[in-house]
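Listing of final-v7.txt; format and content: compact mmCIF, C-alpha atoms.
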```txt
# COMPACT_ATOMS: atom_id res chain seq x y z
CA MET A 40 -59.45 -26.85 -3.18
CA THR A 41 -55.66 -27.17 -3.37
CA GLU A 42 -55.30 -24.72 -0.48
CA ILE A 43 -57.80 -26.66 1.63
CA ARG A 44 -55.90 -29.91 1.06
CA THR A 45 -52.60 -28.18 1.80
CA LEU A 46 -54.10 -26.73 5.00
CA LEU A 47 -55.41 -30.21 5.89
CA ALA A 48 -51.91 -31.61 5.29
CA ALA A 49 -50.54 -28.94 7.64
CA VAL A 50 -53.07 -29.56 10.42
CA LEU A 51 -52.97 -33.38 10.27
CA GLY A 52 -49.18 -33.38 9.89
CA LEU A 53 -48.85 -31.25 13.02
CA LEU A 54 -51.29 -33.53 14.85
CA LEU A 55 -49.40 -36.70 13.92
CA GLY A 56 -46.07 -34.99 14.69
CA VAL A 57 -47.23 -34.00 18.16
CA VAL A 58 -48.51 -37.54 18.81
CA CYS A 59 -45.09 -38.92 17.77
CA LEU A 60 -43.32 -36.46 20.06
CA VAL A 61 -45.42 -36.97 23.19
CA ALA A 62 -46.43 -40.63 22.87
CA PRO A 63 -43.69 -42.35 20.83
CA ALA A 64 -44.17 -45.75 22.50
CA ALA A 65 -47.85 -45.77 21.52
CA VAL A 66 -46.89 -45.12 17.88
CA VAL A 67 -44.36 -47.98 17.94
CA ARG A 68 -46.98 -50.32 19.44
CA VAL A 69 -49.43 -49.44 16.64
CA HIS A 70 -46.92 -50.67 14.07
CA LEU A 71 -45.50 -53.68 15.90
CA ALA A 72 -48.67 -55.20 17.38
CA GLY A 73 -49.30 -58.57 15.78
CA ARG A 74 -45.92 -58.41 14.06
CA ARG A 75 -43.47 -58.71 16.91
CA PRO A 76 -43.71 -60.23 20.40
CA THR A 77 -44.61 -57.74 23.11
CA GLY A 78 -42.41 -57.10 26.10
CA ARG A 79 -39.21 -57.77 24.23
CA ASP A 80 -37.87 -54.38 25.20
CA GLY A 81 -39.36 -54.48 28.65
CA THR A 82 -40.45 -57.48 30.60
CA TYR A 83 -43.07 -60.18 30.61
CA GLY A 84 -46.61 -58.88 31.04
CA THR A 85 -45.85 -55.45 29.62
CA ASP A 86 -45.65 -53.88 26.17
CA ASP A 87 -42.74 -51.56 26.90
CA VAL A 88 -40.77 -50.05 24.03
CA SER A 89 -37.04 -49.41 23.97
CA ASP A 90 -35.60 -45.90 24.24
CA ARG A 91 -33.97 -46.32 20.84
CA TRP A 92 -37.35 -46.78 19.11
CA ARG A 93 -38.89 -43.92 21.10
CA ARG A 94 -36.13 -41.60 19.89
CA VAL A 95 -36.54 -42.70 16.25
CA VAL A 96 -40.29 -41.93 16.42
CA GLN A 97 -39.61 -38.58 18.12
CA VAL A 98 -37.19 -37.62 15.34
CA VAL A 99 -39.87 -38.52 12.76
CA GLY A 100 -42.35 -36.49 14.84
CA GLY A 101 -40.02 -33.49 14.69
CA GLY A 102 -39.88 -33.86 10.90
CA LEU A 103 -43.68 -34.06 10.68
CA VAL A 104 -44.08 -30.90 12.78
CA ALA A 105 -41.58 -29.08 10.55
CA ALA A 106 -43.38 -30.27 7.38
CA GLY A 107 -46.75 -29.34 8.90
CA CYS A 108 -45.49 -25.84 9.65
CA TYR A 109 -44.16 -25.51 6.10
CA PHE A 110 -47.47 -26.57 4.52
CA GLY A 111 -49.36 -24.27 6.91
CA TYR A 112 -47.09 -21.41 5.82
CA VAL A 113 -47.79 -22.21 2.14
CA ALA A 114 -51.56 -22.75 2.61
CA LEU A 115 -52.04 -19.47 4.43
CA GLY A 116 -50.27 -17.67 1.61
CA LEU A 117 -47.45 -16.39 3.77
CA GLY A 118 -44.78 -17.69 1.41
CA MET B 681 -66.29 -56.97 22.75
CA ALA B 682 -68.93 -57.81 20.14
CA VAL B 683 -69.44 -54.07 19.62
CA VAL B 684 -65.70 -53.48 19.16
CA GLY B 685 -65.50 -56.42 16.74
CA SER B 686 -68.45 -55.01 14.78
CA ILE B 687 -66.74 -51.61 14.57
CA LEU B 688 -63.59 -53.29 13.19
CA PHE B 689 -65.68 -55.17 10.65
CA ALA B 690 -67.37 -51.89 9.68
CA PHE B 691 -63.95 -50.30 9.05
CA TYR B 692 -63.01 -53.23 6.84
CA ALA B 693 -66.38 -53.17 5.02
CA VAL B 694 -65.99 -49.47 4.20
CA ALA B 695 -62.46 -50.09 2.89
CA ALA B 696 -63.71 -53.04 0.79
CA VAL B 697 -66.56 -50.97 -0.69
CA VAL B 698 -64.10 -48.17 -1.57
CA VAL B 699 -61.79 -50.66 -3.33
CA MET B 700 -64.75 -52.17 -5.21
CA GLY B 701 -66.03 -48.73 -6.21
CA VAL B 702 -62.73 -47.07 -7.12
CA PHE B 703 -60.82 -49.97 -8.70
CA GLY B 704 -63.82 -51.98 -9.86
CA TRP B 705 -62.62 -55.11 -8.05
CA PRO B 706 -65.30 -57.80 -7.57
CA LEU B 707 -66.11 -58.78 -3.98
CA GLY B 708 -64.43 -62.18 -4.43
CA LEU B 709 -61.13 -60.58 -5.43
CA VAL B 710 -61.29 -58.15 -2.47
CA LEU B 711 -61.83 -61.06 -0.08
CA VAL B 712 -59.07 -63.22 -1.64
CA ALA B 713 -56.62 -60.28 -1.58
CA SER B 714 -57.51 -59.54 2.07
CA VAL B 715 -57.02 -63.17 3.14
CA ALA B 716 -53.71 -63.33 1.23
CA PHE B 717 -52.54 -60.07 2.85
CA VAL B 718 -53.37 -61.28 6.38
CA GLY B 719 -51.95 -64.76 5.62
CA VAL B 720 -48.60 -63.31 4.53
CA GLN B 721 -48.56 -61.09 7.65
CA TYR B 722 -49.25 -64.15 9.83
CA LYS B 723 -46.51 -66.29 8.26
CA LEU B 724 -43.97 -63.45 8.15
CA GLY B 725 -44.90 -62.31 11.68
CA LYS B 726 -44.30 -65.77 13.15
CA TRP B 727 -40.97 -66.15 11.38
CA MET B 728 -39.83 -62.64 12.30
CA ALA B 729 -40.92 -62.96 15.95
CA LEU B 730 -38.81 -66.09 16.43
CA ARG B 731 -35.89 -64.70 14.46
CA SER B 732 -35.93 -61.31 16.22
CA VAL B 733 -35.20 -62.91 19.60
CA GLY B 734 -32.90 -65.64 18.26
CA ALA B 735 -35.20 -68.38 19.57
CA GLU B 736 -33.84 -71.94 19.52
CA ASP B 737 -35.57 -75.24 20.08
CA LEU B 738 -35.42 -76.34 23.70
CA PRO B 739 -34.56 -80.06 23.56
CA GLU B 740 -36.53 -82.31 25.90
CA GLU B 741 -33.35 -83.70 27.49
CA ARG B 742 -32.23 -80.18 28.43
CA ALA B 743 -35.44 -79.26 30.26
CA PRO B 744 -37.49 -82.44 30.84
CA ASP B 745 -39.50 -80.90 33.67
CA LEU B 746 -40.50 -77.87 31.60
CA HIS B 747 -41.56 -80.12 28.71
CA ARG B 748 -43.60 -82.28 31.09
CA ARG B 749 -45.38 -79.20 32.46
CA VAL B 750 -46.20 -77.88 28.99
CA GLU B 751 -47.42 -81.31 27.92
CA SER B 752 -49.62 -81.68 30.98
CA LEU B 753 -51.06 -78.15 30.70
CA SER B 754 -51.68 -78.61 26.96
CA ARG B 755 -53.53 -81.87 27.60
CA ASP B 756 -55.67 -80.24 30.31
CA MET B 757 -56.42 -77.29 28.02
CA GLY B 758 -57.34 -79.55 25.11
CA ILE B 759 -54.65 -78.38 22.69
CA ASP B 760 -51.68 -80.06 21.01
CA LYS B 761 -48.39 -79.55 22.83
CA PRO B 762 -46.77 -76.49 21.20
CA ARG B 763 -43.14 -76.31 20.11
CA LEU B 764 -41.08 -75.10 23.06
CA MET B 765 -38.23 -72.68 22.35
CA ILE B 766 -35.75 -70.71 24.41
CA ALA B 767 -34.05 -67.36 23.79
CA ARG B 768 -31.68 -65.02 25.54
CA MET B 769 -33.64 -61.76 25.51
CA GLY B 770 -31.86 -59.80 28.24
CA VAL B 771 -35.11 -59.55 30.23
CA PRO B 772 -37.53 -62.06 31.74
CA ASN B 773 -40.09 -62.66 28.98
CA ALA B 774 -42.25 -65.28 27.32
CA PHE B 775 -44.57 -65.17 24.35
CA ALA B 776 -46.66 -67.39 22.14
CA VAL B 777 -46.87 -67.37 18.36
CA GLY B 778 -48.88 -69.46 15.94
CA ARG B 779 -52.28 -70.98 16.30
CA LYS B 780 -54.06 -73.87 17.94
CA GLY B 781 -52.44 -77.03 16.56
CA ALA B 782 -49.34 -75.20 15.31
CA GLY B 783 -48.31 -73.05 18.25
CA THR B 784 -44.89 -72.13 19.60
CA VAL B 785 -44.08 -70.90 23.09
CA VAL B 786 -40.82 -69.04 23.63
CA VAL B 787 -39.40 -68.46 27.10
CA SER B 788 -36.33 -66.41 27.92
CA GLU B 789 -33.46 -67.85 29.92
CA GLU B 790 -33.79 -64.82 32.18
CA LEU B 791 -37.41 -65.72 32.98
CA LEU B 792 -36.50 -69.29 33.90
CA GLY B 793 -33.72 -67.97 36.12
CA ALA B 794 -35.89 -65.41 37.88
CA LEU B 795 -39.01 -67.44 38.67
CA ASP B 796 -39.86 -70.44 40.83
CA ASP B 797 -41.32 -73.55 39.21
CA ASP B 798 -44.96 -72.78 40.04
CA GLU B 799 -44.56 -69.21 38.77
CA VAL B 800 -43.13 -70.52 35.48
CA GLU B 801 -46.13 -72.85 35.28
CA GLY B 802 -48.47 -69.84 35.69
CA VAL B 803 -46.68 -68.02 32.87
CA LEU B 804 -46.77 -71.10 30.60
CA ALA B 805 -50.50 -71.57 31.29
CA HIS B 806 -51.11 -67.93 30.33
CA GLU B 807 -49.23 -68.35 27.03
CA LEU B 808 -51.00 -71.64 26.26
CA ALA B 809 -54.32 -69.92 26.91
CA HIS B 810 -53.36 -67.35 24.24
CA ILE B 811 -52.83 -70.19 21.76
CA ARG B 812 -56.06 -71.95 22.72
CA ASN B 813 -58.06 -68.71 22.50
CA ARG B 814 -56.48 -67.86 19.11
CA ASP B 815 -55.32 -64.48 20.46
CA VAL B 816 -52.21 -64.41 18.26
CA VAL B 817 -54.34 -64.91 15.16
CA MET B 818 -56.74 -62.23 16.41
CA MET B 819 -53.91 -59.69 16.74
CA VAL B 820 -52.59 -60.49 13.25
CA LEU B 821 -56.12 -60.17 11.88
CA GLY B 822 -56.61 -56.85 13.71
CA GLN B 823 -53.29 -55.49 12.43
CA GLY B 824 -54.24 -56.73 8.94
CA VAL B 825 -57.57 -54.89 9.01
CA ALA B 826 -55.88 -51.72 10.30
CA SER B 827 -53.23 -51.92 7.55
CA ILE B 828 -55.80 -52.55 4.80
CA VAL B 829 -57.99 -49.62 5.95
CA ALA B 830 -54.89 -47.38 6.17
CA ILE B 831 -53.71 -48.34 2.66
CA VAL B 832 -57.19 -47.68 1.21
CA ALA B 833 -57.36 -44.31 3.00
CA GLN B 834 -53.93 -43.40 1.59
CA TRP B 835 -54.97 -44.28 -1.96
CA ALA B 836 -58.27 -42.46 -1.58
CA VAL B 837 -56.33 -39.28 -0.77
CA LEU B 838 -53.84 -39.83 -3.59
CA LEU B 839 -56.48 -40.56 -6.24
CA THR B 840 -58.59 -37.54 -5.38
CA GLY B 841 -55.74 -35.04 -5.32
CA ASP B 842 -53.43 -33.23 -7.70
CA ASN B 843 -50.45 -35.46 -6.83
CA ASP B 844 -48.39 -32.53 -5.62
CA ILE B 845 -46.03 -32.81 -2.64
CA ALA B 846 -48.74 -31.72 -0.17
CA ASP B 847 -51.00 -34.53 -1.43
CA PHE B 848 -48.30 -37.17 -0.93
CA PHE B 849 -47.67 -35.84 2.58
CA LEU B 850 -51.40 -35.76 3.31
CA ALA B 851 -51.80 -39.36 2.07
CA ILE B 852 -49.02 -40.63 4.37
CA VAL B 853 -50.38 -38.74 7.38
CA VAL B 854 -53.99 -39.84 6.75
CA GLY B 855 -52.80 -43.46 6.43
CA GLN B 856 -50.93 -43.30 9.74
CA LEU B 857 -53.77 -41.62 11.62
CA THR B 858 -56.31 -44.08 10.18
CA GLN B 859 -54.18 -47.04 11.25
CA MET B 860 -53.90 -45.54 14.74
CA LEU B 861 -57.66 -45.07 14.96
CA VAL B 862 -58.40 -48.67 13.93
CA MET B 863 -55.72 -50.00 16.29
CA VAL B 864 -57.46 -48.30 19.25
CA PHE B 865 -60.22 -50.91 18.79
CA VAL B 866 -57.77 -53.77 18.18
CA PHE B 867 -55.91 -52.86 21.39
CA ALA B 868 -59.18 -52.78 23.36
CA ILE B 869 -59.75 -56.42 22.33
CA SER B 870 -56.11 -57.28 23.09
CA ARG B 871 -56.32 -55.91 26.66
CA TYR B 872 -59.54 -57.84 27.23
CA ARG B 873 -57.92 -61.05 25.87
CA GLU B 874 -55.04 -60.60 28.35
CA TYR B 875 -57.49 -60.70 31.25
CA VAL B 876 -59.18 -63.77 29.74
CA ALA B 877 -55.80 -65.53 29.39
CA ASP B 878 -55.00 -64.64 33.03
CA ASP B 879 -58.33 -66.13 34.17
CA ASP B 880 -57.81 -69.26 32.06
CA ALA B 881 -54.26 -69.71 33.41
CA ALA B 882 -55.48 -69.31 36.99
CA ALA B 883 -58.22 -71.86 36.38
CA GLU B 884 -55.71 -74.34 34.91
CA VAL B 885 -53.13 -74.12 37.69
CA GLY B 886 -55.83 -73.92 40.37
CA SER B 887 -54.97 -70.41 41.60
CA GLY B 888 -54.11 -66.96 40.32
CA GLU B 889 -51.36 -66.58 42.91
CA PRO B 890 -48.41 -68.11 40.96
CA LEU B 891 -48.98 -65.87 37.92
CA ALA B 892 -49.61 -62.85 40.15
CA ARG B 893 -46.34 -63.55 41.98
CA ALA B 894 -44.51 -63.95 38.66
CA LEU B 895 -45.83 -60.61 37.38
CA GLU B 896 -45.00 -58.93 40.69
CA LYS B 897 -41.48 -60.33 40.80
CA ILE B 898 -40.76 -59.33 37.20
CA SER B 899 -42.22 -55.83 37.48
CA ARG B 900 -40.22 -55.26 40.68
CA GLY B 901 -37.08 -56.23 38.78
CA ALA B 902 -38.06 -53.93 35.92
CA GLU B 903 -38.43 -50.95 38.27
CA GLY B 904 -34.75 -51.26 39.13
CA ARG B 905 -33.78 -51.30 35.47
CA GLU B 906 -36.10 -48.43 34.57
CA SER B 907 -34.42 -46.16 37.07
CA GLU B 908 -31.26 -46.60 35.04
CA LEU B 909 -32.97 -45.49 31.82
CA ASP B 910 -32.20 -42.18 30.21
CA ALA B 911 -34.22 -39.70 32.27
CA GLN B 912 -34.15 -37.14 29.48
CA ALA B 913 -35.87 -39.51 27.06
CA ALA B 914 -38.42 -40.52 29.67
CA ALA B 915 -39.25 -36.89 30.44
CA LEU B 916 -40.17 -36.27 26.82
CA CYS B 917 -42.70 -39.11 26.86
CA ILE B 918 -45.29 -37.28 28.91
CA PHE B 919 -48.16 -39.53 27.89
CA ASP B 920 -46.24 -42.77 27.97
CA ASP B 921 -46.72 -43.48 31.64
CA ARG B 922 -50.02 -45.26 31.00
CA GLY B 923 -52.17 -42.17 30.86
CA GLY B 924 -54.42 -40.75 28.12
CA LEU B 925 -53.43 -41.80 24.62
CA ALA B 926 -50.91 -44.41 25.79
CA SER B 927 -53.54 -46.35 27.73
CA LEU B 928 -55.78 -46.44 24.63
CA LEU B 929 -52.87 -47.66 22.51
CA ALA B 930 -51.63 -50.36 24.90
CA THR B 931 -51.73 -54.08 24.13
CA HIS B 932 -51.65 -55.09 27.80
CA PRO B 933 -53.61 -53.83 30.82
CA PRO B 934 -51.51 -52.35 33.67
CA VAL B 935 -49.62 -55.10 35.51
CA GLU B 936 -50.93 -53.88 38.89
CA LYS B 937 -54.54 -54.36 37.75
CA ARG B 938 -53.78 -57.86 36.48
CA ILE B 939 -52.14 -58.81 39.78
CA GLU B 940 -55.12 -57.40 41.70
CA ARG B 941 -57.59 -59.37 39.56
CA LEU B 942 -55.59 -62.59 39.82
CA ARG B 943 -55.45 -62.30 43.61
CA GLY B 944 -59.12 -61.31 43.86
CA ARG B 945 -60.40 -64.46 42.14
```
Since I need it in another form, could you write the structure as structure tokens?
Amino acid sequence: MTEIRTLLAAVLGLLLGVVCLVAPAAVVRVHLAGRRPTGRDGTYGTDDVSDRWRRVVQVVGGGLVAAGCYFGYVALGLG
Amino acid sequence: MAVVGSILFAFYAVAAVVVMGVFGWPLGLVLVASVAFVGVQYKLGKWMALRSVGAEDLPEERAPDLHRRVESLSRDMGIDKPRLMIARMGVPNAFAVGRKGAGTVVVSEELLGALDDDEVEGVLAHELAHIRNRDVVMMVLGQGVASIVAIVAQWAVLLTGDNDIADFFLAIVVGQLTQMLVMVFVFAISRYREYVADDDAAAEVGSGEPLARALEKISRGAEGRESELDAQAAALCIFDDRGGLASLLATHPPVEKRIERLRGR
């Protein structure tokens, strides 16, 4: 059971990490929608996100991929 | 949209049932806690939105014409005149916060400088339509439902595990992915509400052309700025050019489509 949950943590962590790396603006929008006005980092009529926020999410994504790999390594008994 | 709304309600209902089952909360307490959670988000969101752009009240004597336009549009749309504020945002922008009867419209100095009077009127009509249609409240409610479902999913993982480091990681990841999944439906409603606000604005000012011109002018200006952006960062965002996942997780429809629709009315 523990191994299955650890494997799930690895797979879902990798999935979320990849999403953060390839679509950082979408991740930012998920968290800011309804909490902050849209277009502040872009222009009226858009929901653009600033480069600074994209980079922050991509760094987090990198961390999630690394953690996912670690848990995968543990779950598969390679450690 | 009724289907999407029903799906959102179903997400919330499942989360509520889990809370009632796991924590033994009565339905009344779940509902009161949910309303309080969304209420705090609404109040905080409004305050933070205005604060984040440094919005200031726009006195009537400083922009009498703008105030007259907002007053006239509000009267025609059957809503109270909202508070009018101005901010220096660095880009042409405008947004509405609050609800019908207690709304605020913020315009950036850059927007007023970039657009002609009739284009500004189109933008104001669009923002007033958001207030009249309660779109701001809808977004806060949607974000509230997504957050509640995500928190419940996180706790469900934590309470069924061994509380080791992998469980904590799994709980965080499941919470994030759940929130993303629910927000796909919230964003679908948001994009639809943008088109409705465009249609309402066009109906109020008598034509879709001023708003279409405003969007066109602003997006043309943005293209110039975007070319100056860090190309390396942009290259990494392979899905952020309005394809695939990004289009599902977008609050606004593509500007080109909005312009096309406004001109095709």
- request: Find the residues in chain A near chain B: any atom within 6 Å counts, using only C-alpha atoms. Write them as a PyMOL selection string.
  value: chain A and resi 45+48+61-62+65+73-76+82-83
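Look at B:Glu940: the protein and nucleic acid residues within 12 Å of it, using all atoms listed in the file and passing over chain neighbours fewer than 2 places away, are Tyr875, Asp878, Asp879, Gly888, Glu889, Leu891, Ala892, Arg893, Leu895, Glu896, Pro933, Pro934, Val935, Glu936, Lys937, Arg938, Leu942, Arg943, Gly944 and Arg945 of chain B.
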query: So, counting all atoms listed in the file, which residue among B:Ile766, B:Gly855, B:Arg873, B:Glu884 is closest to A:Leu55?
result: B:Gly855
message: Using Å and a single decimal, report how far atom CA of A:Ala72 sits from atom CA of B:Arg749.
response: 28.5 Å
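We find atom CA of B:Pro762 and atom CA of B:Ala782 to be spaced 6.6 Å apart.
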message: Using Å and a single decimal, report how far atom CA of B:Ala809 sits from atom CA of B:Ala877.
response: 5.3 Å
